[in-house]
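> Have a look at the structure that comes next, please.
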Amino acid sequence: MSELRFDGKSVIVTGGGRGFGRQHALLLARRGARVVVADYGVELDGSGSSPEPAEEVVQEIKEAGGEAVACFANVADEADAARIVETARESFGGVDVVVNNAGIWDGNWMDDVDIAQFRRMVDFHYIGTVLVTKAAWPHLKEADHGCVVNTSSEAVIGNIPKNADYAGAKGAVFSFTKALALDGRRFGLRVNAIGPRGNTRMSDPKCLSHLYDRPEDDFKNEMFAQMRPEYVSPAVAFLAHDSCTLNGEMIACGGLMAKRVALIETKGLTFTDTITPEDLAENVDALMDTTDADLATIDMWG
């Protein structure tokens with residue numbers, strides 16, 4: 001098939017200065033997109049700030065012949081989120097695609113995570129995604145094929161230790177994606193998400209060693225070497241392209257693989273007159289049986 005191009009498209013990439021976001025911005029720019037690289041340049045735990053990461057990516061794009069502008073902004077701040085969108089409008093005349101990628105991480109056991117950290121995670125991951133999307137929404141409705149690609153995580157499954165704060169915030173992004181996909185369908189807008197796998201600052205051997213209480217050397221292997229951030233970006237470009245028909249989906253991607261992440265509802269149990277806790281206890285195997293389970297999608301109610 002022909003190359004999926006973004007010529008003339010105005011694309012916002014938050015957290016575009018490093019890691020996955022940097023690769024998203026570079027790939028989309030190579031394929032013709034005019035990119036707003038929005039980044040607050042924070043440390044992994046959300047502290048500090050610097051305009052340099054966004055500026056460096058913009059310079060790299062321009063040197064390669066592409067179009068890009070930097071926006072030093074905090075997605076968790078409503079005024080800054082609006083300024084990101086305004087930068088796209090002033091620079092490129094509108095907004096066609098929003099890639100919500102900005103986020104932080106500071107994993108630890110529940111006992112050692114204070115409420116302030118839970119709030120930081122929600123602010124950067126979920127509220128930041130909401131604020132940028134909310135500001136862009138009217139302009140996406142004016143675009144020919146407006147769409148949003150959010151960054152959730154496979155952590156929402158509950159398969160990564162020391163991540164209750166992070167997974168909770170990413171779970172909010174996952175549910176927001178599903179709900180907004182249904183709302184946006186009225187206007188021809190699509191909203192999808194990715195669950196990226198890659199060796200960024202958030203998942204380097206040091207971080208993985210901390211999470212799994214194993215030596216760093218355990219994660220310096222061939223499989224880890226394949227977890228390059230640029231292997232995530234093709235899924236973003238696919239979901240962002242006009243030709244993509246997916247809506248309300250999450251694609252786990254990275255390490256040269258891509259797979260659908262979906263919710264299911266089992267056939268479960270149906271009772272005639274009453275239902276008691278004992279009924280559930282006695283039929284727990286049937287309750288949990290995934291045979292012929294229904295896929296939960298935005299179309300499941302017709």
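Ligands are numbered from 1 in the order shown, residues from 1 within each chain, and chains are lettered A, B, ... in the order they appear in the structure tokens.
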Contacts between range 177-200 of chain A and range 218-299 of chain A, please, where a residue of range 218-299 of chain A counts if it comes within 6 Å (with only C-alpha atoms); show its shortest atom pair and distance in Å to one decimal, rows by chain and ascending number, as a tab-separated table.

residue	atom	partner	partner_atom	distance
A:Met227	CA	A:Gly198	CA	4.4
A:Arg228	CA	A:Gly198	CA	5.3
A:Pro229	CA	A:Gly198	CA	5.0
A:Asn247	CA	A:Arg190	CA	5.2
A:Gly248	CA	A:Lys178	CA	4.7
A:Glu249	CA	A:Asn192	CA	5.0
A:Met250	CA	A:Ala193	CA	4.5
A:Ile251	CA	A:Ile194	CA	4.7
A:Ala252	CA	A:Gly195	CA	4.3
A:Cys253	CA	A:Pro196	CA	5.1
A:Gly254	CA	A:Arg197	CA	4.7
> Could you save the residues just selected, with N, CA and C atoms, as a tab-separated table (two decimals), in the first residue's frame?

chain	number	residue	atom	x	y	z
A	227	MET	N	13.31	-3.16	22.60
A	227	MET	CA	12.24	-2.29	23.09
A	227	MET	C	12.60	-0.82	22.85
A	228	ARG	N	12.86	-0.49	21.60
A	228	ARG	CA	13.28	0.86	21.25
A	228	ARG	C	12.07	1.77	21.12
A	229	PRO	N	12.14	3.01	21.61
A	229	PRO	CA	10.99	3.90	21.57
A	229	PRO	C	10.41	4.10	20.17
A	247	ASN	N	-11.88	3.14	16.33
A	247	ASN	CA	-12.38	4.16	17.25
A	247	ASN	C	-12.66	3.52	18.60
A	248	GLY	N	-12.13	4.13	19.66
A	248	GLY	CA	-12.33	3.60	21.00
A	248	GLY	C	-11.48	2.39	21.30
A	249	GLU	N	-10.36	2.23	20.60
A	249	GLU	CA	-9.51	1.06	20.78
A	249	GLU	C	-8.20	1.43	21.48
A	250	MET	N	-7.55	0.42	22.04
A	250	MET	CA	-6.21	0.58	22.60
A	250	MET	C	-5.30	-0.47	21.99
A	251	ILE	N	-4.18	-0.02	21.46
A	251	ILE	CA	-3.20	-0.90	20.85
A	251	ILE	C	-1.95	-0.94	21.73
A	252	ALA	N	-1.61	-2.11	22.24
A	252	ALA	CA	-0.32	-2.28	22.92
A	252	ALA	C	0.73	-2.43	21.84
A	253	CYS	N	1.83	-1.70	21.97
A	253	CYS	CA	2.79	-1.68	20.87
A	253	CYS	C	4.20	-1.45	21.41
A	254	GLY	N	5.17	-1.94	20.64
A	254	GLY	CA	6.56	-1.80	21.00
A	254	GLY	C	7.29	-3.13	20.85
> To test your reading of the structure, identify every residue in range 134-273 of chain A that backbone DSSP assigns to strand (DSSP E or B), and report it as a ChimeraX atom specification.
/A:147-151,190-196,250-254,257-261,263-265
> Could you write out the selected residues, including C-alpha atoms, as an mmCIF file, in the first residue's frame?

data_model
loop_
_atom_site.group_PDB
_atom_site.id
_atom_site.type_symbol
_atom_site.label_atom_id
_atom_site.label_comp_id
_atom_site.auth_asym_id
_atom_site.auth_seq_id
_atom_site.Cartn_x
_atom_site.Cartn_y
_atom_site.Cartn_z
ATOM 1 C CA CYS A 147 -8.611 12.551 15.815
ATOM 2 C CA VAL A 148 -6.966 12.013 19.195
ATOM 3 C CA VAL A 149 -4.383 9.394 20.155
ATOM 4 C CA ASN A 150 -3.984 9.044 23.919
ATOM 5 C CA THR A 151 -1.259 7.270 25.838
ATOM 6 C CA ARG A 190 -11.985 9.282 16.373
ATOM 7 C CA VAL A 191 -10.296 8.724 19.745
ATOM 8 C CA ASN A 192 -7.937 5.812 20.345
ATOM 9 C CA ALA A 193 -5.079 4.958 22.684
ATOM 10 C CA ILE A 194 -1.792 3.121 22.791
ATOM 11 C CA GLY A 195 -0.141 1.135 25.558
ATOM 12 C CA PRO A 196 3.551 1.643 24.729
ATOM 13 C CA MET A 250 -6.209 0.583 22.602
ATOM 14 C CA ILE A 251 -3.201 -0.899 20.852
ATOM 15 C CA ALA A 252 -0.324 -2.284 22.924
ATOM 16 C CA CYS A 253 2.795 -1.677 20.872
ATOM 17 C CA GLY A 254 6.564 -1.805 21.001
ATOM 18 C CA MET A 257 4.782 -6.146 18.018
ATOM 19 C CA ALA A 258 1.259 -4.692 18.182
ATOM 20 C CA LYS A 259 -1.854 -6.177 19.770
ATOM 21 C CA ARG A 260 -5.368 -5.131 20.697
ATOM 22 C CA VAL A 261 -6.169 -4.564 24.374
ATOM 23 C CA LEU A 263 -12.472 -5.520 27.706
ATOM 24 C CA ILE A 264 -14.708 -8.571 27.727
ATOM 25 C CA GLU A 265 -17.910 -9.567 29.498
#
> So how far away is CA of Ile127 in chain A from CA of Gly93 in chain A, in Å?
25.6 Å
> Would you mind reading off the distance between CA of Glu63 in chain A and CA of Gly146 in chain A, one decimal, in Å?
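CA of Glu63 in chain A sits 27.9 Å away from CA of Gly146 in chain A.
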> Give me, as a list of chain:residue names, all polymer residues having an atom no more than 10 Å from Leu27 in chain A, counting only C-alpha atoms and skipping those fewer than 3 positions away in the same chain.
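What passes the distance filter is A:Gly21, A:Arg22, A:Gln23, A:His24, A:Arg30, A:Arg31, A:Gly32, A:Ala33, A:Ile61, A:Glu230, A:Ser233, A:Pro234, A:Val236, A:Ala237.
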